[in-house]
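Source file: work_6.pdb (PDB, C-alpha atoms, pLDDT in the B column)
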ATOM      1  CA  MET A   1     -10.812 -20.472 -18.562  1.00 38.00           C
ATOM      2  CA  GLN A   2      -8.379 -23.416 -18.684  1.00 40.00           C
ATOM      3  CA  ASN A   3      -6.420 -21.615 -21.421  1.00 38.00           C
ATOM      4  CA  GLN A   4      -6.280 -18.510 -19.249  1.00 38.00           C
ATOM      5  CA  LEU A   5      -4.998 -20.523 -16.293  1.00 39.00           C
ATOM      6  CA  ALA A   6      -2.278 -22.144 -18.413  1.00 41.00           C
ATOM      7  CA  ARG A   7      -0.697 -18.720 -19.047  1.00 39.00           C
ATOM      8  CA  LYS A   8       0.621 -18.071 -15.570  1.00 42.00           C
ATOM      9  CA  THR A   9       2.833 -15.111 -14.872  1.00 39.00           C
ATOM     10  CA  VAL A  10       5.570 -14.895 -12.295  1.00 40.00           C
ATOM     11  CA  PRO A  11       4.051 -14.138  -8.878  1.00 45.00           C
ATOM     12  CA  PHE A  12       4.706 -10.727  -7.380  1.00 43.00           C
ATOM     13  CA  GLN A  13       8.020 -10.385  -5.628  1.00 47.00           C
ATOM     14  CA  PRO A  14       7.893  -7.572  -3.078  1.00 48.00           C
ATOM     15  CA  SER A  15      10.339  -4.813  -3.785  1.00 51.00           C
ATOM     16  CA  GLN A  16      12.861  -3.915  -1.145  1.00 60.00           C
ATOM     17  CA  ARG A  17      12.121  -0.287  -2.008  1.00 84.00           C
ATOM     18  CA  LEU A  18       9.841   1.815   0.121  1.00 92.00           C
ATOM     19  CA  VAL A  19       7.085   3.683  -1.669  1.00 93.00           C
ATOM     20  CA  THR A  20       7.456   7.435  -1.191  1.00 93.00           C
ATOM     21  CA  SER A  21       4.164   8.464  -2.813  1.00 94.00           C
ATOM     22  CA  ALA A  22       1.215   6.894  -4.619  1.00 95.00           C
ATOM     23  CA  ASN A  23       2.156   9.107  -7.574  1.00 94.00           C
ATOM     24  CA  VAL A  24       5.354   7.119  -8.187  1.00 93.00           C
ATOM     25  CA  VAL A  25       3.637   3.717  -8.127  1.00 95.00           C
ATOM     26  CA  PRO A  26       2.866   2.534 -11.655  1.00 95.00           C
ATOM     27  CA  VAL A  27      -0.648   1.450 -12.526  1.00 96.00           C
ATOM     28  CA  TRP A  28      -0.754  -2.294 -11.942  1.00 97.00           C
ATOM     29  CA  ARG A  29      -3.951  -2.907 -13.896  1.00 97.00           C
ATOM     30  CA  THR A  30      -6.898  -0.919 -15.241  1.00 97.00           C
ATOM     31  CA  ILE A  31     -10.305  -2.538 -14.900  1.00 96.00           C
ATOM     32  CA  ALA A  32     -13.800  -1.616 -15.992  1.00 96.00           C
ATOM     33  CA  THR A  33     -16.566  -1.047 -13.460  1.00 96.00           C
ATOM     34  CA  GLY A  34     -20.268  -0.448 -13.993  1.00 94.00           C
ATOM     35  CA  THR A  35     -20.490  -3.315 -16.472  1.00 95.00           C
ATOM     36  CA  TYR A  36     -23.177  -5.191 -14.513  1.00 95.00           C
ATOM     37  CA  PRO A  37     -26.485  -3.747 -13.288  1.00 94.00           C
ATOM     38  CA  ASP A  38     -26.249  -5.127  -9.739  1.00 94.00           C
ATOM     39  CA  SER A  39     -24.342  -7.418  -7.415  1.00 93.00           C
ATOM     40  CA  LEU A  40     -26.503 -10.430  -8.343  1.00 94.00           C
ATOM     41  CA  ALA A  41     -25.423 -10.052 -11.972  1.00 95.00           C
ATOM     42  CA  LEU A  42     -21.789  -9.847 -10.818  1.00 95.00           C
ATOM     43  CA  ARG A  43     -22.238 -13.025  -8.783  1.00 94.00           C
ATOM     44  CA  ASN A  44     -23.870 -14.793 -11.752  1.00 96.00           C
ATOM     45  CA  ALA A  45     -20.988 -13.723 -14.011  1.00 97.00           C
ATOM     46  CA  LEU A  46     -18.479 -15.182 -11.541  1.00 96.00           C
ATOM     47  CA  SER A  47     -20.420 -18.432 -11.455  1.00 94.00           C
ATOM     48  CA  ALA A  48     -20.683 -18.562 -15.257  1.00 96.00           C
ATOM     49  CA  ILE A  49     -16.900 -18.610 -15.677  1.00 94.00           C
ATOM     50  CA  GLY A  50     -16.316 -21.047 -12.831  1.00 94.00           C
ATOM     51  CA  CYS A  51     -14.913 -18.640 -10.241  1.00 95.00           C
ATOM     52  CA  GLY A  52     -15.662 -19.522  -6.662  1.00 95.00           C
ATOM     53  CA  VAL A  53     -17.190 -17.095  -4.195  1.00 96.00           C
ATOM     54  CA  GLY A  54     -16.535 -17.731  -0.527  1.00 96.00           C
ATOM     55  CA  GLY A  55     -19.298 -17.525   2.066  1.00 96.00           C
ATOM     56  CA  LEU A  56     -18.328 -14.143   3.517  1.00 97.00           C
ATOM     57  CA  ALA A  57     -17.832 -12.646   0.048  1.00 97.00           C
ATOM     58  CA  ALA A  58     -21.247 -13.945  -1.049  1.00 96.00           C
ATOM     59  CA  GLU A  59     -22.832 -12.457   2.050  1.00 96.00           C
ATOM     60  CA  ILE A  60     -21.443  -8.967   1.558  1.00 96.00           C
ATOM     61  CA  LEU A  61     -22.263  -9.045  -2.169  1.00 95.00           C
ATOM     62  CA  ALA A  62     -25.885  -9.438  -1.046  1.00 95.00           C
ATOM     63  CA  ARG A  63     -25.772  -6.540   1.435  1.00 95.00           C
ATOM     64  CA  PRO A  64     -27.392  -3.184   0.585  1.00 94.00           C
ATOM     65  CA  ALA A  65     -24.065  -1.467   1.374  1.00 94.00           C
ATOM     66  CA  PHE A  66     -22.458  -3.244  -1.598  1.00 95.00           C
ATOM     67  CA  ILE A  67     -22.921  -0.687  -4.388  1.00 93.00           C
ATOM     68  CA  VAL A  68     -22.323  -1.268  -8.092  1.00 94.00           C
ATOM     69  CA  ASN A  69     -21.364   1.749 -10.185  1.00 91.00           C
ATOM     70  CA  ALA A  70     -24.331   2.861 -12.306  1.00 89.00           C
ATOM     71  CA  GLY A  71     -22.098   4.136 -15.118  1.00 92.00           C
ATOM     72  CA  LYS A  72     -19.166   2.488 -16.813  1.00 95.00           C
ATOM     73  CA  ALA A  73     -15.734   3.671 -15.709  1.00 94.00           C
ATOM     74  CA  ASP A  74     -12.153   2.513 -16.064  1.00 95.00           C
ATOM     75  CA  ILE A  75     -10.367   2.416 -12.706  1.00 96.00           C
ATOM     76  CA  GLU A  76      -6.583   2.360 -12.364  1.00 96.00           C
ATOM     77  CA  LEU A  77      -5.441  -0.019  -9.644  1.00 98.00           C
ATOM     78  CA  LEU A  78      -2.217   0.168  -7.670  1.00 97.00           C
ATOM     79  CA  ALA A  79      -0.736  -2.924  -6.019  1.00 97.00           C
ATOM     80  CA  VAL A  80       1.585  -2.527  -3.033  1.00 97.00           C
ATOM     81  CA  SER A  81       2.517  -4.553  -0.005  1.00 97.00           C
ATOM     82  CA  ALA A  82       2.179  -3.156   3.491  1.00 97.00           C
ATOM     83  CA  ALA A  83       5.971  -3.435   3.840  1.00 96.00           C
ATOM     84  CA  GLU A  84       6.440  -1.251   0.747  1.00 97.00           C
ATOM     85  CA  LEU A  85       4.241   1.344   2.463  1.00 97.00           C
ATOM     86  CA  GLY A  86       6.789   1.427   5.297  1.00 96.00           C
ATOM     87  CA  VAL A  87       4.768  -0.635   7.763  1.00 96.00           C
ATOM     88  CA  GLN A  88       7.197  -2.377  10.129  1.00 94.00           C
ATOM     89  CA  GLY A  89       7.043  -5.890  11.565  1.00 95.00           C
ATOM     90  CA  GLU A  90       5.765  -9.218  10.295  1.00 96.00           C
ATOM     91  CA  THR A  91       2.128  -8.242  10.826  1.00 97.00           C
ATOM     92  CA  ALA A  92       0.255  -4.996  11.312  1.00 97.00           C
ATOM     93  CA  ALA A  93      -3.269  -3.876  12.153  1.00 98.00           C
ATOM     94  CA  LEU A  94      -5.466  -3.132   9.150  1.00 98.00           C
ATOM     95  CA  ARG A  95      -5.974   0.452  10.386  1.00 98.00           C
ATOM     96  CA  GLN A  96      -2.171   0.924  10.496  1.00 98.00           C
ATOM     97  CA  ILE A  97      -1.814  -0.307   6.910  1.00 98.00           C
ATOM     98  CA  TYR A  98      -4.663   1.933   5.716  1.00 98.00           C
ATOM     99  CA  ALA A  99      -3.194   4.951   7.585  1.00 97.00           C
ATOM    100  CA  ALA A 100       0.231   4.407   5.982  1.00 97.00           C
ATOM    101  CA  ALA A 101      -1.416   4.146   2.557  1.00 97.00           C
ATOM    102  CA  GLN A 102      -3.423   7.343   3.109  1.00 95.00           C
ATOM    103  CA  GLN A 103      -0.322   9.293   4.130  1.00 95.00           C
ATOM    104  CA  LEU A 104       1.281   8.335   0.815  1.00 96.00           C
ATOM    105  CA  GLY A 105      -1.703   9.354  -1.346  1.00 95.00           C
ATOM    106  CA  PHE A 106      -3.542   6.050  -1.754  1.00 97.00           C
ATOM    107  CA  ALA A 107      -7.312   5.773  -1.314  1.00 97.00           C
ATOM    108  CA  LEU A 108      -9.694   2.931  -0.668  1.00 97.00           C
ATOM    109  CA  ALA A 109     -11.103   1.247  -3.741  1.00 97.00           C
ATOM    110  CA  PRO A 110     -14.852   0.877  -4.262  1.00 96.00           C
ATOM    111  CA  ALA A 111     -16.111  -2.547  -3.125  1.00 96.00           C
ATOM    112  CA  GLU A 112     -17.109  -3.380  -6.707  1.00 97.00           C
ATOM    113  CA  ILE A 113     -13.387  -3.644  -7.515  1.00 97.00           C
ATOM    114  CA  GLY A 114     -13.233  -7.069  -5.800  1.00 97.00           C
ATOM    115  CA  PRO A 115     -15.627  -9.003  -8.039  1.00 98.00           C
ATOM    116  CA  GLN A 116     -14.711  -6.961 -11.121  1.00 98.00           C
ATOM    117  CA  LEU A 117     -11.013  -7.715 -10.635  1.00 98.00           C
ATOM    118  CA  ARG A 118     -11.838 -11.396 -10.118  1.00 98.00           C
ATOM    119  CA  LEU A 119     -13.741 -11.400 -13.444  1.00 97.00           C
ATOM    120  CA  GLN A 120     -11.014  -9.510 -15.312  1.00 97.00           C
ATOM    121  CA  TYR A 121      -7.908 -11.214 -13.872  1.00 97.00           C
ATOM    122  CA  LEU A 122      -8.234 -14.793 -15.085  1.00 96.00           C
ATOM    123  CA  ASP A 123      -4.490 -15.379 -15.444  1.00 95.00           C
ATOM    124  CA  GLN A 124      -3.754 -14.835 -11.755  1.00 96.00           C
ATOM    125  CA  PRO A 125      -0.767 -16.920 -10.681  1.00 96.00           C
ATOM    126  CA  ILE A 126      -1.278 -19.761  -8.218  1.00 95.00           C
ATOM    127  CA  GLY A 127      -0.501 -18.652  -4.698  1.00 95.00           C
ATOM    128  CA  GLU A 128      -1.338 -14.980  -5.211  1.00 96.00           C
ATOM    129  CA  PHE A 129      -3.791 -13.322  -2.815  1.00 97.00           C
ATOM    130  CA  LEU A 130      -4.680  -9.655  -3.381  1.00 98.00           C
ATOM    131  CA  ILE A 131      -6.475  -7.848  -0.570  1.00 98.00           C
ATOM    132  CA  ILE A 132      -8.799  -5.114  -1.766  1.00 98.00           C
ATOM    133  CA  GLY A 133      -8.069  -1.953   0.230  1.00 98.00           C
ATOM    134  CA  MET A 134     -11.733  -1.070   0.764  1.00 98.00           C
ATOM    135  CA  GLU A 135     -14.153   0.175   3.353  1.00 97.00           C
ATOM    136  CA  PRO A 136     -15.345  -2.990   5.135  1.00 98.00           C
ATOM    137  CA  ILE A 137     -18.943  -4.049   4.574  1.00 98.00           C
ATOM    138  CA  THR A 138     -20.716  -5.628   7.518  1.00 97.00           C
ATOM    139  CA  THR A 139     -22.337  -9.039   7.396  1.00 95.00           C
ATOM    140  CA  TRP A 140     -25.891  -9.636   8.609  1.00 94.00           C
ATOM    141  CA  THR A 141     -24.430 -10.224  12.088  1.00 95.00           C
ATOM    142  CA  GLY A 142     -22.440  -6.973  12.019  1.00 95.00           C
ATOM    143  CA  ASP A 143     -18.947  -8.348  11.345  1.00 96.00           C
ATOM    144  CA  PRO A 144     -16.857  -6.132   8.993  1.00 98.00           C
ATOM    145  CA  VAL A 145     -15.505  -7.919   5.921  1.00 98.00           C
ATOM    146  CA  ILE A 146     -13.092  -6.940   3.141  1.00 98.00           C
ATOM    147  CA  LEU A 147     -12.553  -8.838  -0.112  1.00 98.00           C
ATOM    148  CA  THR A 148      -9.574 -10.797  -1.413  1.00 98.00           C
ATOM    149  CA  VAL A 149      -9.023 -11.923  -5.009  1.00 98.00           C
ATOM    150  CA  ALA A 150      -7.146 -15.220  -4.873  1.00 97.00           C
ATOM    151  CA  ASN A 151      -5.808 -18.252  -6.658  1.00 96.00           C
ATOM    152  CA  GLY A 152      -4.950 -20.729  -3.935  1.00 90.00           C
ATOM    153  CA  GLY A 153      -4.319 -23.571  -6.374  1.00 90.00           C
ATOM    154  CA  ALA A 154      -7.822 -25.041  -6.415  1.00 90.00           C
ATOM    155  CA  GLY A 155      -9.087 -22.343  -8.782  1.00 92.00           C
ATOM    156  CA  LEU A 156      -9.889 -18.672  -8.952  1.00 96.00           C
ATOM    157  CA  ILE A 157     -11.933 -17.350  -6.040  1.00 97.00           C
ATOM    158  CA  LEU A 158     -13.276 -14.204  -4.426  1.00 97.00           C
ATOM    159  CA  ILE A 159     -13.184 -14.516  -0.664  1.00 97.00           C
ATOM    160  CA  GLY A 160     -14.086 -12.335   2.271  1.00 97.00           C
ATOM    161  CA  GLN A 161     -11.861 -11.878   5.272  1.00 97.00           C
ATOM    162  CA  GLU A 162     -12.161 -10.179   8.612  1.00 97.00           C
ATOM    163  CA  GLY A 163     -12.089  -6.400   8.233  1.00 97.00           C
ATOM    164  CA  HIS A 164     -11.901  -5.163  11.833  1.00 97.00           C
ATOM    165  CA  ASP A 165      -9.552  -2.196  12.302  1.00 97.00           C
ATOM    166  CA  ASP A 166      -7.335  -4.242  14.593  1.00 97.00           C
ATOM    167  CA  VAL A 167      -7.147  -7.462  12.539  1.00 97.00           C
ATOM    168  CA  ARG A 168      -3.489  -8.417  12.012  1.00 97.00           C
ATOM    169  CA  ILE A 169      -2.338  -8.859   8.417  1.00 97.00           C
ATOM    170  CA  SER A 170       1.072  -9.922   7.145  1.00 96.00           C
ATOM    171  CA  THR A 171       3.105  -6.943   5.943  1.00 96.00           C
ATOM    172  CA  ALA A 172       4.120  -9.048   2.932  1.00 96.00           C
ATOM    173  CA  SER A 173       0.461  -9.081   1.821  1.00 96.00           C
ATOM    174  CA  ARG A 174      -0.364  -7.134  -1.318  1.00 97.00           C
ATOM    175  CA  PHE A 175      -3.168  -4.598  -1.285  1.00 98.00           C
ATOM    176  CA  ILE A 176      -5.077  -3.053  -4.160  1.00 98.00           C
ATOM    177  CA  PHE A 177      -5.679   0.694  -3.807  1.00 98.00           C
ATOM    178  CA  VAL A 178      -6.441   3.649  -6.070  1.00 96.00           C
ATOM    179  CA  ARG A 179      -4.770   7.066  -6.052  1.00 91.00           C
ATOM    180  CA  SER A 180      -6.554   9.560  -3.836  1.00 84.00           C
ATOM    181  CA  ASP A 181      -5.962  12.401  -6.269  1.00 60.00           C
ATOM    182  CA  ARG A 182      -7.645  10.601  -9.157  1.00 44.00           C
ATOM    183  CA  ALA A 183     -11.059  11.956 -10.035  1.00 32.00           C
ATOM    184  CA  GLN A 184     -13.664   9.217  -9.773  1.00 39.00           C
ATOM    185  CA  PRO A 185     -17.128   9.379 -11.309  1.00 37.00           C
ATOM    186  CA  ALA A 186     -19.576  10.925  -8.867  1.00 35.00           C
ATOM    187  CA  SER A 187     -21.536   7.662  -8.727  1.00 37.00           C
ATOM    188  CA  LEU A 188     -18.493   5.923  -7.236  1.00 40.00           C
ATOM    189  CA  SER A 189     -18.574   7.043  -3.661  1.00 38.00           C
ATOM    190  CA  ARG A 190     -15.028   6.582  -2.458  1.00 39.00           C
ATOM    191  CA  ARG A 191     -14.361   7.203   1.162  1.00 39.00           C
ATOM    192  CA  SER A 192     -11.044   8.294   2.516  1.00 39.00           C
ATOM    193  CA  PHE A 193      -9.512   6.219   5.297  1.00 39.00           C
TER     194      PHE A 193
END

Kindly transcribe the structure held in the file into structure tokens.
Amino acid sequence: MQNQLARKTVPFQPSQRLVTSANVVPVWRTIATGTYPDSLALRNALSAIGCGVGGLAAEILARPAFIVNAGKADIELLAVSAAELGVQGETAALRQIYAAAQQLGFALAPAEIGPQLRLQYLDQPIGEFLIIGMEPITTWTGDPVILTVANGGAGLILIGQEGHDDVRISTASRFIFVRSDRAQPASLSRRSF
């Protein structure tokens, strides 16, 4: 993993261009899903390569609502900032960001994308935080959580963050979505916004 970390790429610089449609956004990365039988195996794989898992992320990985694809599939991911989606201001409510994405043809990614991306993106630049545009999964106490794939400088980590509809998120933040018009395997239940 140290060799992977040594090959840093230039962090994302938000474009000043507004996205007009998900169809014009190039695929940022394609990742494989369905490569582990369950969320425990995903968690063990993260541990085996030295990736951290934050407390909220660990909790939702253990929830019954966290579903792992039963069959292997390659999923094309799109990375955009809320500002590129046309969301105004320094911060915006999560529901506003999701609504803007939906209007442009983006869809929520399956929750499995979070840990799979963490496992398959070992050369993530320091300082990059990618919020998974996903349906929140509730903790044991009922708090909605979404996942973030990050490299804060102390190592690669998968963290959970508040996923309430009204939580304020910086419009400079990058989100990972999929295209809504892409056919997904039936076993990947993907909900629209």

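You can rank A:Pro144, A:Gly114, A:Ile49, A:Ala82 by their closest distance to Ala100 in chain A using all atoms listed in the file, and at the top of that list sits A:Ala82.
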
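Shortest separation to Arg95 in chain A among A:Pro26, A:Gly155, A:Asp123, A:Met134 occurs at residue A:Met134, atoms counted being only C-alpha atoms.
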
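Note that the spacing between CA of Ile132 in chain A and CA of Ile176 in chain A amounts to 4.9 Å.
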
Which residues would end up in the selection if the PyMOL selection byres ((chain A and resi 139) around 8) were applied here, given that I need the answer as a PyMOL selection string? chain A and resi 56+59-60+63+137-138+140-145

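Between CA of Val178 in chain A and CA of Leu147 in chain A the separation is 15.1 Å.
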
Please evaluate the PyMOL selection byres ((chain A and resi 90) around 6) against the displayed coordinates and give the resulting residues as a list in words. Gly89, Thr91, Ser170 and Thr171 of chain A

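The two atoms in question, CA of Gly34 in chain A and CA of Gly71 in chain A, are spaced 5.1 Å apart.
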
Which residue, A:Ala150, A:Val25, A:Ala172, A:Ile157, has the smallest gap to Ser47 in chain A when you use only C-alpha atoms? A:Ile157

Smallest atom-to-atom distance to Asn23 in chain A: which of A:Val149, A:Leu78, A:Leu119, A:Leu61, using only C-alpha atoms? A:Leu78

Output, as AutoDock Vina command-line options, the centre and edge lengths in Å (one decimal) of the axis-aligned box that contains all listed atoms of range 146-153 of chain A with 5 Å of margin on each side.
--center_x -8.7 --center_y -15.3 --center_z -1.8 --size_x 18.8 --size_y 26.6 --size_z 19.8

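Among the candidates A:Glu128, A:Asp38, A:Glu76, A:Asp165, the residue lying nearest to Ile146 in chain A is A:Asp165 (atoms considered: only C-alpha atoms).
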
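Minimum distance to Gly52 in chain A across A:Ile97, A:Ser180, A:Pro115, A:Pro125 (counting all atoms listed in the file) occurs at A:Pro115.
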
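Here the PyMOL selection byres ((chain A and resi 30) around 8) catches exactly these residues: A:Val27, A:Trp28, A:Arg29, A:Ile31, A:Ala32, A:Asp74, A:Ile75, A:Glu76, A:Leu77.
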
Would you mind listing what lies within 12 Å of Ser173 in chain A as a PDB file with C-alpha atoms, in the frame of the given file, with all atoms listed in the file counted and same-chain residues fewer than 5 positions away left out?
ATOM      1  CA  PHE A  12       4.706 -10.727  -7.380  1.00 43.00           C
ATOM      2  CA  GLN A  13       8.020 -10.385  -5.628  1.00 47.00           C
ATOM      3  CA  PRO A  14       7.893  -7.572  -3.078  1.00 48.00           C
ATOM      4  CA  ALA A  79      -0.736  -2.924  -6.019  1.00 97.00           C
ATOM      5  CA  VAL A  80       1.585  -2.527  -3.033  1.00 97.00           C
ATOM      6  CA  SER A  81       2.517  -4.553  -0.005  1.00 97.00           C
ATOM      7  CA  ALA A  82       2.179  -3.156   3.491  1.00 97.00           C
ATOM      8  CA  ALA A  83       5.971  -3.435   3.840  1.00 96.00           C
ATOM      9  CA  GLU A  84       6.440  -1.251   0.747  1.00 97.00           C
ATOM     10  CA  LEU A  85       4.241   1.344   2.463  1.00 97.00           C
ATOM     11  CA  VAL A  87       4.768  -0.635   7.763  1.00 96.00           C
ATOM     12  CA  GLU A  90       5.765  -9.218  10.295  1.00 96.00           C
ATOM     13  CA  THR A  91       2.128  -8.242  10.826  1.00 97.00           C
ATOM     14  CA  ALA A  92       0.255  -4.996  11.312  1.00 97.00           C
ATOM     15  CA  LEU A  94      -5.466  -3.132   9.150  1.00 98.00           C
ATOM     16  CA  ILE A  97      -1.814  -0.307   6.910  1.00 98.00           C
ATOM     17  CA  GLY A 127      -0.501 -18.652  -4.698  1.00 95.00           C
ATOM     18  CA  GLU A 128      -1.338 -14.980  -5.211  1.00 96.00           C
ATOM     19  CA  PHE A 129      -3.791 -13.322  -2.815  1.00 97.00           C
ATOM     20  CA  LEU A 130      -4.680  -9.655  -3.381  1.00 98.00           C
ATOM     21  CA  ILE A 131      -6.475  -7.848  -0.570  1.00 98.00           C
ATOM     22  CA  ILE A 132      -8.799  -5.114  -1.766  1.00 98.00           C
ATOM     23  CA  GLY A 133      -8.069  -1.953   0.230  1.00 98.00           C
ATOM     24  CA  THR A 148      -9.574 -10.797  -1.413  1.00 98.00           C
ATOM     25  CA  ALA A 150      -7.146 -15.220  -4.873  1.00 97.00           C
ATOM     26  CA  ARG A 168      -3.489  -8.417  12.012  1.00 97.00           C
TER      27      ARG A 168
END

With all atoms listed in the file counted, which protein, DNA or RNA residues have an atom no more than 6 Å from (-10.6, -17.9, -12.4) in the file frame? Please answer as an NGL selection string. :A and (51 or 122 or 155-156)

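Near Thr20 in chain A, within 8 Å and counting all atoms listed in the file, sit A:Leu18, A:Ala22, A:Val24, A:Leu85, A:Leu104; same-chain residues fewer than 2 positions away were not included.
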
Would you put the residues from that selection into a file with C-alpha atoms, as a short mmCIF file (atom, residue, chain, number, x, y, z; two decimals), in the coordinates of the input?
data_model
loop_
_atom_site.label_atom_id
_atom_site.label_comp_id
_atom_site.auth_asym_id
_atom_site.auth_seq_id
_atom_site.Cartn_x
_atom_site.Cartn_y
_atom_site.Cartn_z
CA LEU A 18 9.84 1.82 0.12
CA ALA A 22 1.22 6.89 -4.62
CA VAL A 24 5.35 7.12 -8.19
CA LEU A 85 4.24 1.34 2.46
CA LEU A 104 1.28 8.34 0.82
#
